[in-house]
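Structure file run.cif (mmCIF, C-alpha atoms) follows.
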data_final
#
loop_
_atom_site.label_atom_id
_atom_site.label_comp_id
_atom_site.auth_asym_id
_atom_site.auth_seq_id
_atom_site.Cartn_x
_atom_site.Cartn_y
_atom_site.Cartn_z
CA MET A 40 27.23 1.66 35.71
CA LEU A 41 24.61 2.94 33.30
CA GLY A 42 22.88 6.17 34.17
CA GLY A 43 19.19 6.84 33.69
CA GLY A 44 19.65 9.90 31.48
CA ALA A 45 19.41 10.15 27.71
CA VAL A 46 22.16 8.39 25.85
CA THR A 47 23.68 10.13 22.88
CA ILE A 48 24.68 7.79 20.11
CA PRO A 49 27.74 8.96 18.22
CA ASP A 50 27.31 9.52 14.48
CA SER A 51 29.88 6.85 13.76
CA ILE A 52 27.57 4.28 15.37
CA LYS A 53 24.42 5.68 13.74
CA LYS A 54 26.00 5.18 10.32
CA LEU A 55 26.12 1.45 10.96
CA PHE A 56 22.33 1.35 11.17
CA LYS A 57 21.66 3.40 8.06
CA PRO A 58 19.32 1.56 5.66
CA VAL A 59 21.09 -0.13 2.78
CA GLY A 60 20.90 1.97 -0.35
CA GLY A 61 19.66 4.96 1.57
CA ALA A 62 16.76 5.37 -0.84
CA GLN A 63 13.84 7.46 0.29
CA ARG A 64 10.69 5.49 0.90
CA THR A 65 7.57 6.40 -0.98
CA SER A 66 4.36 7.14 0.85
CA GLU A 67 2.80 3.92 -0.44
CA ALA A 68 5.42 1.81 1.28
CA SER A 69 3.78 -0.18 4.01
CA ALA A 70 6.59 -2.63 4.67
CA PRO A 71 10.17 -2.32 3.63
CA GLY A 72 11.33 -4.33 0.68
CA ALA A 73 14.82 -5.23 -0.36
CA LEU A 74 16.53 -2.75 -2.60
CA ARG A 75 18.24 -4.16 -5.63
CA ARG A 76 20.47 -2.50 -8.18
CA SER A 77 19.22 -3.23 -11.70
CA ASN A 78 21.45 -2.70 -14.69
CA GLY A 79 18.62 -3.86 -16.93
CA LEU A 80 16.37 -1.10 -15.64
CA ARG A 81 19.18 1.42 -16.06
CA GLU A 82 19.49 0.44 -19.73
CA PHE A 83 15.71 0.46 -20.09
CA CYS A 84 15.55 4.03 -18.75
CA ARG A 85 18.48 5.08 -20.91
CA GLU A 86 16.60 3.91 -24.01
CA LEU A 87 13.60 6.02 -23.04
CA LYS A 88 15.64 9.11 -22.23
CA GLY A 89 14.93 12.19 -24.29
CA GLN A 90 11.66 10.83 -25.58
CA GLU A 91 8.23 12.03 -24.60
CA ALA A 92 4.70 10.71 -24.62
CA LEU A 93 5.75 7.09 -24.94
CA ARG A 94 3.43 4.24 -24.12
CA VAL A 95 4.78 2.04 -21.35
CA LEU A 96 3.12 -1.24 -20.39
CA ASP A 97 3.76 -2.60 -16.88
CA LEU A 98 2.83 -6.26 -16.58
CA GLY A 99 3.61 -6.41 -12.87
CA ALA A 100 1.67 -5.45 -9.79
CA ALA A 101 0.03 -2.04 -9.94
CA SER A 102 2.48 0.27 -8.23
CA GLN A 103 2.20 3.94 -7.63
CA ALA A 104 5.98 4.24 -7.63
CA ASN A 105 6.18 2.83 -11.16
CA ILE A 106 3.26 4.89 -12.41
CA SER A 107 4.69 8.09 -10.94
CA PHE A 108 8.13 7.31 -12.33
CA PHE A 109 6.92 7.14 -15.93
CA THR A 110 4.11 9.71 -15.83
CA GLU A 111 6.52 12.28 -14.38
CA LEU A 112 8.66 11.72 -17.46
CA GLY A 113 5.62 12.52 -19.59
CA HIS A 114 4.78 8.98 -20.65
CA LYS A 115 1.45 7.21 -20.65
CA VAL A 116 1.32 4.10 -18.50
CA TYR A 117 -0.68 0.96 -19.13
CA ALA A 118 -0.92 -1.61 -16.35
CA GLU A 119 -1.97 -5.23 -16.39
CA ASP A 120 -1.04 -7.54 -13.55
CA ILE A 121 -0.90 -11.12 -14.77
CA PHE A 122 0.04 -12.80 -11.48
CA PRO A 123 -3.40 -12.60 -9.77
CA VAL A 124 -5.00 -13.79 -12.99
CA LEU A 125 -2.82 -16.90 -12.96
CA THR A 126 -3.45 -17.58 -9.29
CA THR A 127 -7.16 -16.87 -9.07
CA LYS A 128 -8.53 -17.94 -12.43
CA SER A 129 -8.46 -21.50 -13.58
CA TYR A 130 -7.24 -21.97 -17.10
CA ARG A 131 -7.15 -25.74 -16.79
CA ILE A 132 -8.98 -27.78 -19.38
CA ARG A 133 -8.89 -31.39 -20.43
CA ASN A 134 -7.09 -32.10 -23.68
CA ASP A 135 -8.03 -34.76 -26.25
CA ASN A 136 -6.33 -37.43 -24.15
CA GLY A 137 -8.34 -36.45 -21.08
CA ASP A 138 -5.33 -34.95 -19.31
CA TRP A 139 -5.46 -31.58 -17.60
CA CYS A 140 -3.61 -28.83 -19.42
CA PHE A 141 -3.40 -25.05 -19.52
CA ASP A 142 -5.87 -23.32 -21.84
CA ALA A 143 -3.39 -20.98 -23.50
CA ASP A 144 -5.94 -19.90 -26.12
CA ARG A 145 -8.38 -18.63 -23.51
CA PHE A 146 -5.56 -17.04 -21.53
CA LEU A 147 -4.46 -15.09 -24.60
CA ALA A 148 -8.02 -14.18 -25.47
CA GLU A 149 -8.46 -12.58 -22.04
CA ASN A 150 -5.02 -11.12 -21.31
CA VAL A 151 -2.54 -8.79 -23.00
CA THR A 152 -5.23 -8.00 -25.54
CA TYR A 153 -3.98 -4.82 -27.10
CA GLN A 154 -4.02 -3.49 -30.62
CA MET A 155 -0.98 -3.97 -32.79
CA LEU A 156 2.18 -1.86 -32.45
CA LEU A 157 0.95 0.10 -29.51
CA PHE A 158 3.76 0.15 -26.99
CA ASP A 159 7.21 1.71 -26.91
CA ALA A 160 8.31 -0.14 -23.81
CA VAL A 161 7.12 -3.11 -21.78
CA LEU A 162 8.11 -4.17 -18.26
CA CYS A 163 7.59 -7.93 -18.18
CA TRP A 164 9.41 -8.45 -14.88
CA ASP A 165 9.38 -12.23 -14.17
CA LEU A 166 6.19 -12.92 -16.13
CA PHE A 167 7.70 -15.68 -18.26
CA ASP A 168 8.68 -17.69 -15.19
CA LEU A 169 5.08 -17.57 -13.97
CA LEU A 170 3.48 -18.74 -17.19
CA ASP A 171 2.60 -22.25 -18.07
CA GLU A 172 4.94 -23.80 -20.64
CA THR A 173 2.25 -23.70 -23.33
CA ALA A 174 1.70 -19.96 -22.89
CA VAL A 175 5.34 -18.82 -22.94
CA ARG A 176 5.84 -18.73 -26.72
CA PRO A 177 2.39 -17.32 -27.54
CA VAL A 178 2.88 -14.50 -25.02
CA ALA A 179 6.30 -13.66 -26.51
CA ALA A 180 4.66 -13.62 -29.96
CA ARG A 181 1.85 -11.42 -28.62
CA LEU A 182 4.39 -8.95 -27.21
CA HIS A 183 6.17 -8.88 -30.55
CA ARG A 184 2.86 -7.85 -32.11
CA VAL A 185 2.03 -5.08 -29.65
CA VAL A 186 5.49 -3.48 -29.37
CA LYS A 187 6.59 -0.99 -31.97
CA PRO A 188 9.77 -1.64 -33.98
CA GLY A 189 12.65 -0.34 -31.88
CA GLY A 190 10.53 -0.70 -28.76
CA ILE A 191 12.00 -2.41 -25.70
CA LEU A 192 11.09 -5.10 -23.19
CA LEU A 193 12.66 -5.68 -19.81
CA SER A 194 12.29 -9.22 -18.55
CA PHE A 195 13.69 -11.12 -15.58
CA PHE A 196 14.39 -14.84 -15.44
CA HIS A 197 15.13 -16.89 -12.36
CA THR A 198 18.18 -19.08 -12.65
CA ALA A 199 17.40 -21.53 -9.84
CA GLU A 200 17.19 -25.27 -10.42
CA PRO A 201 13.93 -26.73 -11.76
CA GLY A 202 11.61 -27.59 -8.88
CA ALA A 203 13.06 -24.91 -6.63
CA SER A 204 10.67 -22.50 -5.01
CA VAL A 205 11.35 -18.97 -6.21
CA PRO A 206 10.00 -15.77 -4.71
CA ILE A 207 7.58 -13.68 -6.71
CA TYR A 208 7.95 -9.96 -6.19
CA ARG A 209 6.21 -6.68 -6.67
CA TYR A 210 8.86 -4.63 -8.44
CA ARG A 211 8.80 -0.99 -7.45
CA ILE A 212 11.00 1.44 -9.30
CA GLN A 213 12.89 3.59 -6.81
CA GLY A 214 15.29 5.15 -9.26
CA GLU A 215 16.71 4.70 -12.73
CA ASP A 216 18.74 1.72 -11.61
CA THR A 217 17.16 0.77 -8.30
CA LEU A 218 14.26 -1.56 -7.62
CA GLU A 219 12.47 -2.34 -4.41
CA LEU A 220 11.46 -5.99 -4.21
CA LEU A 221 8.37 -6.80 -2.18
CA PRO A 222 7.51 -10.49 -1.85
CA ARG A 223 4.03 -11.46 -3.04
CA GLY A 224 4.27 -15.23 -2.96
CA GLU A 225 6.33 -18.13 -4.16
CA ARG A 226 6.16 -20.41 -7.14
CA VAL A 227 7.90 -23.58 -8.14
CA LEU A 228 10.23 -22.97 -11.06
CA ARG A 229 9.36 -25.52 -13.69
CA ARG A 230 11.73 -24.56 -16.45
CA PRO A 231 14.61 -22.21 -15.91
CA LEU A 232 15.37 -20.58 -19.24
CA ASN A 233 19.04 -20.31 -20.07
CA ASN A 234 20.45 -17.69 -22.41
CA ARG A 235 19.98 -19.90 -25.46
CA ASN A 236 16.35 -20.64 -24.55
CA ILE A 237 15.72 -16.93 -24.12
CA GLU A 238 17.31 -16.14 -27.47
CA VAL A 239 15.08 -18.70 -29.14
CA LEU A 240 12.02 -17.40 -27.32
CA PHE A 241 12.63 -13.89 -28.64
CA LYS A 242 14.05 -14.85 -32.02
CA GLU A 243 11.60 -12.56 -33.83
CA PHE A 244 13.03 -9.57 -32.00
CA HIS A 245 16.01 -7.51 -33.14
CA SER A 246 18.44 -7.92 -30.26
CA LEU A 247 18.86 -9.07 -26.68
CA LYS A 248 21.12 -7.80 -23.95
CA PHE A 249 21.78 -9.95 -20.91
CA PHE A 250 22.70 -8.67 -17.47
CA LEU A 251 24.15 -11.20 -15.09
CA ALA A 252 23.76 -10.68 -11.37
CA ARG A 253 25.02 -12.40 -8.27
CA ASP A 254 21.51 -13.22 -7.15
CA ASN A 255 19.47 -15.79 -9.05
CA LEU A 256 17.81 -13.33 -11.36
CA ARG A 257 18.92 -12.78 -14.95
CA GLU A 258 17.88 -9.49 -16.52
CA VAL A 259 17.32 -9.23 -20.25
CA LEU A 260 16.65 -6.13 -22.31
CA ILE A 261 14.99 -7.07 -25.58
CA VAL A 262 14.75 -4.72 -28.53
CA ARG A 263 12.05 -5.34 -31.09
CA MET B 176 -18.08 7.31 39.95
CA ALA B 177 -15.84 5.25 37.74
CA THR B 178 -16.44 5.52 34.05
CA THR B 179 -15.47 3.07 31.39
CA PRO B 180 -14.33 4.59 28.13
CA ILE B 181 -16.56 3.54 25.26
CA GLU B 182 -14.62 1.67 22.66
CA ARG B 183 -16.01 2.28 19.22
CA LYS B 184 -15.04 0.05 16.37
CA THR B 185 -15.35 1.54 12.92
CA PHE B 186 -15.22 -0.99 10.16
CA GLU B 187 -16.36 1.27 7.36
CA PRO B 188 -15.10 4.74 8.20
CA ASP B 189 -15.91 6.18 4.79
CA ARG B 190 -19.46 4.89 4.94
CA GLU B 191 -20.00 6.30 8.40
CA ALA B 192 -18.45 9.56 7.36
CA SER B 193 -20.79 9.72 4.38
CA ILE B 194 -23.84 9.20 6.60
CA ARG B 195 -22.64 11.80 9.09
CA SER B 196 -21.95 14.39 6.44
CA GLY B 197 -25.26 13.80 4.70
CA MET B 198 -23.54 12.65 1.57
CA ALA B 199 -25.82 10.99 -0.97
CA HIS B 200 -25.60 7.26 -0.42
CA ILE B 201 -26.48 4.25 -2.52
CA GLY B 202 -26.79 1.30 -0.17
CA LYS B 203 -25.46 -2.14 -0.85
CA SER B 204 -28.85 -3.64 -1.73
CA VAL B 205 -29.59 -0.95 -4.32
CA LEU B 206 -29.17 -1.46 -8.06
CA VAL B 207 -29.18 1.58 -10.31
CA LYS B 208 -29.18 1.37 -14.10
CA GLY B 209 -28.86 4.47 -16.23
CA GLU B 210 -27.40 7.93 -16.02
CA LEU B 211 -26.56 9.24 -12.56
CA SER B 212 -25.71 12.90 -12.17
CA GLY B 213 -25.63 15.29 -9.28
CA SER B 214 -24.13 18.31 -7.62
CA GLU B 215 -23.17 16.75 -4.30
CA ASP B 216 -20.77 14.06 -3.14
CA LEU B 217 -21.90 10.48 -3.64
CA TYR B 218 -21.09 7.21 -1.91
CA ILE B 219 -21.90 4.03 -3.85
CA ASP B 220 -21.99 0.83 -1.89
CA GLY B 221 -24.46 -0.89 -4.18
CA GLU B 222 -24.53 -1.72 -7.86
CA VAL B 223 -24.51 0.88 -10.60
CA GLU B 224 -24.57 0.38 -14.36
CA GLY B 225 -24.45 3.27 -16.82
CA THR B 226 -22.72 6.57 -16.20
CA VAL B 227 -21.98 8.68 -13.15
CA GLU B 228 -21.48 12.39 -13.66
CA LEU B 229 -20.61 14.48 -10.60
CA ARG B 230 -18.19 17.01 -12.14
CA ASP B 231 -17.08 19.15 -9.17
CA HIS B 232 -17.98 16.67 -6.47
CA ASN B 233 -16.45 13.57 -4.99
CA LEU B 234 -17.39 9.97 -5.61
CA THR B 235 -16.58 7.05 -3.35
CA VAL B 236 -17.17 3.46 -4.38
CA GLY B 237 -17.45 1.60 -1.09
CA PRO B 238 -16.12 -1.88 -0.36
CA ASN B 239 -19.39 -3.46 -1.45
CA GLY B 240 -19.78 -1.23 -4.49
CA ARG B 241 -19.90 -2.80 -7.94
CA VAL B 242 -19.86 -0.22 -10.69
CA ARG B 243 -19.98 -0.88 -14.40
CA ALA B 244 -20.02 2.67 -15.63
CA ASN B 245 -17.98 5.54 -16.92
CA LEU B 246 -17.27 7.90 -14.05
CA ASN B 247 -16.61 11.62 -14.02
CA ALA B 248 -16.00 13.46 -10.75
CA LYS B 249 -13.58 15.72 -8.96
CA GLU B 250 -12.14 13.07 -6.66
CA ILE B 251 -12.83 9.37 -6.98
CA THR B 252 -12.02 6.80 -4.31
CA VAL B 253 -12.33 3.11 -5.21
CA GLN B 254 -12.68 0.53 -2.45
CA GLY B 255 -14.92 -1.86 -4.37
CA LYS B 256 -15.05 -2.94 -8.01
CA VAL B 257 -15.20 -0.56 -10.93
CA GLN B 258 -15.30 -1.45 -14.59
CA GLY B 259 -15.36 1.52 -16.94
CA ASN B 260 -13.42 4.57 -17.95
CA VAL B 261 -12.76 7.02 -15.17
CA ARG B 262 -12.08 10.72 -15.28
CA ALA B 263 -11.25 12.72 -12.16
CA THR B 264 -10.30 16.35 -12.46
CA ASP B 265 -8.42 16.28 -9.17
CA LYS B 266 -7.49 12.80 -7.93
CA ILE B 267 -8.16 9.09 -8.14
CA GLU B 268 -7.41 6.81 -5.24
CA ILE B 269 -7.57 3.02 -5.52
CA ARG B 270 -7.51 1.44 -2.09
CA LYS B 271 -6.04 -1.98 -1.43
CA SER B 272 -9.48 -3.60 -1.54
CA GLY B 273 -10.28 -1.81 -4.78
CA SER B 274 -10.27 -3.06 -8.32
CA LEU B 275 -10.45 -0.87 -11.38
CA ILE B 276 -10.56 -2.09 -14.95
CA GLY B 277 -10.63 0.78 -17.40
CA ASP B 278 -8.78 3.81 -18.62
CA ILE B 279 -8.01 6.65 -16.24
CA ILE B 280 -7.62 10.34 -16.94
CA THR B 281 -6.70 12.38 -13.89
CA ALA B 282 -4.33 14.94 -12.43
CA ARG B 283 -3.16 12.75 -9.56
CA ILE B 284 -3.39 9.11 -8.69
CA THR B 285 -2.81 7.00 -5.60
CA ILE B 286 -2.75 3.21 -5.75
CA GLU B 287 -2.37 1.24 -2.56
CA ASP B 288 -0.44 -2.01 -2.45
CA GLY B 289 -2.78 -4.88 -3.15
CA ALA B 290 -5.13 -2.87 -5.35
CA TYR B 291 -5.91 -4.30 -8.77
CA PHE B 292 -5.73 -2.08 -11.81
CA LYS B 293 -5.90 -2.91 -15.47
CA GLY B 294 -5.94 -0.13 -18.03
CA SER B 295 -4.15 3.03 -18.99
CA ILE B 296 -3.30 6.13 -16.99
CA ASP B 297 -3.18 9.52 -18.57
CA ILE B 298 -2.04 12.26 -16.24
CA GLN B 299 -3.57 15.56 -17.26
CA ARG B 300 -2.79 18.44 -14.98
CA PRO B 301 -5.14 21.43 -15.02
CA GLU B 302 -2.33 23.95 -15.38
CA PRO B 303 0.50 23.30 -17.77
CA ALA B 304 3.30 23.06 -15.23
CA GLY B 305 6.89 22.87 -16.43
CA ARG B 306 8.19 19.37 -16.81
CA PRO B 307 10.42 18.28 -13.94
CA GLU B 308 14.08 17.98 -14.67
CA PRO B 309 14.99 14.39 -15.36
CA LYS B 310 16.70 12.94 -12.32
CA LYS B 311 20.44 12.57 -12.64
CA SER B 312 21.45 8.96 -12.81
CA GLU B 313 23.33 7.85 -9.77
CA ALA B 314 24.95 5.12 -11.80
CA ALA B 315 28.08 7.12 -12.38
CA ALA B 316 28.53 7.89 -8.72
CA VAL B 317 27.66 4.52 -7.24
CA THR B 318 29.52 1.33 -7.86
CA PRO B 319 27.08 -1.53 -8.47
CA PRO B 320 27.12 -4.03 -5.61
CA TYR B 321 27.13 -6.93 -8.03
CA VAL B 322 28.81 -7.94 -11.23
CA GLY B 323 26.70 -6.43 -13.98
CA VAL B 324 27.86 -7.69 -17.32
CA GLY B 325 25.99 -6.61 -20.39
CA ILE B 326 26.16 -9.08 -23.24
CA GLU B 327 24.46 -7.83 -26.32
CA LYS B 328 23.49 -10.27 -28.99
CA LYS B 329 21.95 -9.33 -32.28
CA LEU B 330 19.63 -11.99 -33.51
CA PRO B 331 19.85 -13.11 -37.13
#

Rendering of file as C-alpha cells:
Amino acid sequence: MLGGGAVTIPDSIKKLFKPVGGAQRTSEASAPGALRRSNGLREFCRELKGQEALRVLDLGAASQANISFFTELGHKVYAEDIFPVLTTKSYRIRNDNGDWCFDADRFLAENVTYQMLLFDAVLCWDLFDLLDETAVRPVAARLHRVVKPGGILLSFFHTAEPGASVPIYRYRIQGEDTLELLPRGERVLRRPLNNRNIEVLFKEFHSLKFFLARDNLREVLIVR
Amino acid sequence: MATTPIERKTFEPDREASIRSGMAHIGKSVLVKGELSGSEDLYIDGEVEGTVELRDHNLTVGPNGRVRANLNAKEITVQGKVQGNVRATDKIEIRKSGSLIGDIITARITIEDGAYFKGSIDIQRPEPAGRPEPKKSEAAAVTPPYVGVGIEKKLP
C-alpha cells in the first residue's frame, strides 16, 4: 500500500529521465527543441578557431544563441532570415508564356545584397531546399561573390524523396558540435540535391566536405 | 460582505508602465518627422522618421510603433518595426513582435524567438573585458550518436 508521505526517487531512476544531451537551455528557450549532433558545425567552428574579428553571416532565423556564440568569440555577426521572406512575400510573376514563375531577379535584388568579398563564414542552414529552382544557382553564385577566398559555408540538404514534406527548423547553436532544432513549419521538397548536384551547384568554390547522418539531413562544408 | 477580486487584463504592459511612470509617450496616431532628442525615457507607439537621440535614457518602440530612424539610447526595446541603424550603450532587446532592419552597435543584445532581424551586430562593451576562454570541444569526449563520415572533395 502506498503511503501519503513524500516519495524519494533513487538516483538510478532519475538518470533515466535526464534530458538527452544534457545541454543547458538558454534563457531564450521557450519550448524545448531536439538536440542534434552536427559534425558539419564542428568542422565549421574548427575552421574559425584562432581567428578574431571575422564576419559571419547567418541566413537562418534570428537567434540569440547563435549571435552570442559568435560575438563571444569576437566575431561580427550579420543576420538575414530568408524563410519569412519566401513565405510572406510573393515573388510570382507571369513569364512570356503567361505561366506563373518565381521572379529570381527581384528576389536577388532584395535579398543577400552585400558588397563583394565581405564574409569569412556563412551559415546557410537548409536555405537551398527552401528556394525556388530558378533561384538556387543565382544564390550560390551570389554567395561565391560575397564570401572571401578561403571563407566557408555550412549548408544542409534534406535527402527525403521529392514531394515529401520536410520540417523547416530554427537552428540554434548550443555548442561547437550541437544544434537545437526548433520546428518553424514544413515545406514540400521539390528537388532533393544529391552529392553530384551539390558539387555542380558549388563548382566555383574550392572544395566541399560532406557529412552523412542517419537522419535525412546531409551537411556540407563548402570552402571558397 | 463578500468581495470579488478585480481581474485586470493588461494587454500592453510597457505602454501602461510608461504612462504610470510619466515617461514621454508618442501615441499611435502621432507622426513625427525630424530630429528627436531628450533627457528622459521615451515610448514610441506612433510613427517616427529621422533620428532619435536619448543618450543616457531608454527608448521603447511599442507594438504599434513604426520607426524609420537612426536610434541612439542607453537601452532600446523593440516591439514594433524599426528601420535604421541602432546604437545602445547598454542593451538592445527585440521582442517576438519586433522587427529591426539595420545595423546594431551595443554591449548586450536579447532577441526573442519569432523576432525579425536583418543587419549586422557589433558588440562593443564599455570596458575592455578579457576575452572568454574558448570552450573546450566536447567532441573528443563524446561519441557521436550517428555515423558522421567526412568526405572531402576538391573541385577542379

Compare A:Ser246, A:Asn255, A:Ser107, A:Asn136 by their minimum atom-to-atom distance to chain B, counting all atoms listed in the file, and give me the closest one. A:Ser246

Skip Val161 of chain A itself and residues of its chain fewer than 6 positions away, then list as a PyMOL selection string all residues within 6 Å of it, counting only C-alpha atoms. chain A and resi 95-97+192

Counting only C-alpha atoms, give me one row per residue of chain A with an atom at most 6 Å from an atom of chain B, showing the shortest contact pair and its distance in Å to one decimal, sorted by chain then residue number, as CSV.
residue,atom,partner,partner_atom,distance
A:Gln103,CA,B:Ile286,CA,5.3
A:Lys115,CA,B:Asp297,CA,5.6
A:Val116,CA,B:Ile296,CA,5.3
A:Tyr117,CA,B:Ser295,CA,4.0
A:Ala118,CA,B:Lys293,CA,5.2
A:Glu119,CA,B:Lys293,CA,4.7
A:His245,CA,B:Leu330,CA,5.8
A:Ser246,CA,B:Lys329,CA,4.3
A:Leu247,CA,B:Lys328,CA,5.3
A:Lys248,CA,B:Glu327,CA,4.1
A:Phe249,CA,B:Ile326,CA,5.0
A:Phe250,CA,B:Gly325,CA,4.9
A:Leu251,CA,B:Gly323,CA,5.5
A:Ala252,CA,B:Val322,CA,5.7
A:Arg253,CA,B:Tyr321,CA,5.9

Could you tell me which of A:Glu82, A:Glu172, A:Asp144, A:Asp159 comes closest to Gly189 of chain A if we count only C-alpha atoms?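 Looking only at the distances to Gly189 of chain A, the closest residue turns out to be A:Asp159.
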
In Å, rounded to a single decimal, give me how far atom CA of Leu211 of chain B is from atom CA of Val261 of chain B.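 Between atom CA of Val261 of chain B and atom CA of Leu211 of chain B the gap is 14.2 Å.
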
Measure the distance from atom CA of Pro222 of chain A to atom CA of Glu258 of chain A in Å and round it to one decimal.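 For atom CA of Pro222 of chain A relative to atom CA of Glu258 of chain A, the distance reads 18.0 Å.
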
With distances taken over all atoms listed in the file, which of A:Ala101, A:Leu157, A:Cys140, A:Leu232 is nearest to Gly190 of chain A?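 For Gly190 of chain A, the nearest of the given residues is A:Leu157.
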
Report as a list in words the full result of the PyMOL selection byres ((chain A and resi 75) around 8) when it is applied to this structure. Ala73, Leu74, Arg76, Ser77, Thr217, Leu218, Glu219 and Leu220 of chain A

Give me, please, the distance in Å between atom CA of Arg229 of chain A and atom CA of Ala160 of chain A, quoted to one decimal. 27.3 Å

Would you write out, as a list in words, every residue that the PyMOL selection byres ((chain B and resi 242) around 7) captures in this file? Glu222, Val223, Glu224, Gly240, Arg241, Arg243, Ala244, Lys256, Val257 and Gln258 of chain B

Might you pull out every residue within 9 Å of Arg230 of chain B, with all atoms listed in the file counted and same-chain residues fewer than 3 positions away left off, and present them as a VMD selection string? chain B and resid 212 to 214 233 247 to 249 263 to 264

Print the selection's residues with C-alpha atoms to a file, as a tab-separated table (two decimals), in the coordinates of the input.
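result37.tsv, freshly written:
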chain	number	residue	atom	x	y	z
B	212	SER	CA	-25.71	12.90	-12.17
B	213	GLY	CA	-25.63	15.29	-9.28
B	214	SER	CA	-24.13	18.31	-7.62
B	233	ASN	CA	-16.45	13.57	-4.99
B	247	ASN	CA	-16.61	11.62	-14.02
B	248	ALA	CA	-16.00	13.46	-10.75
B	249	LYS	CA	-13.58	15.72	-8.96
B	263	ALA	CA	-11.25	12.72	-12.16
B	264	THR	CA	-10.30	16.35	-12.46
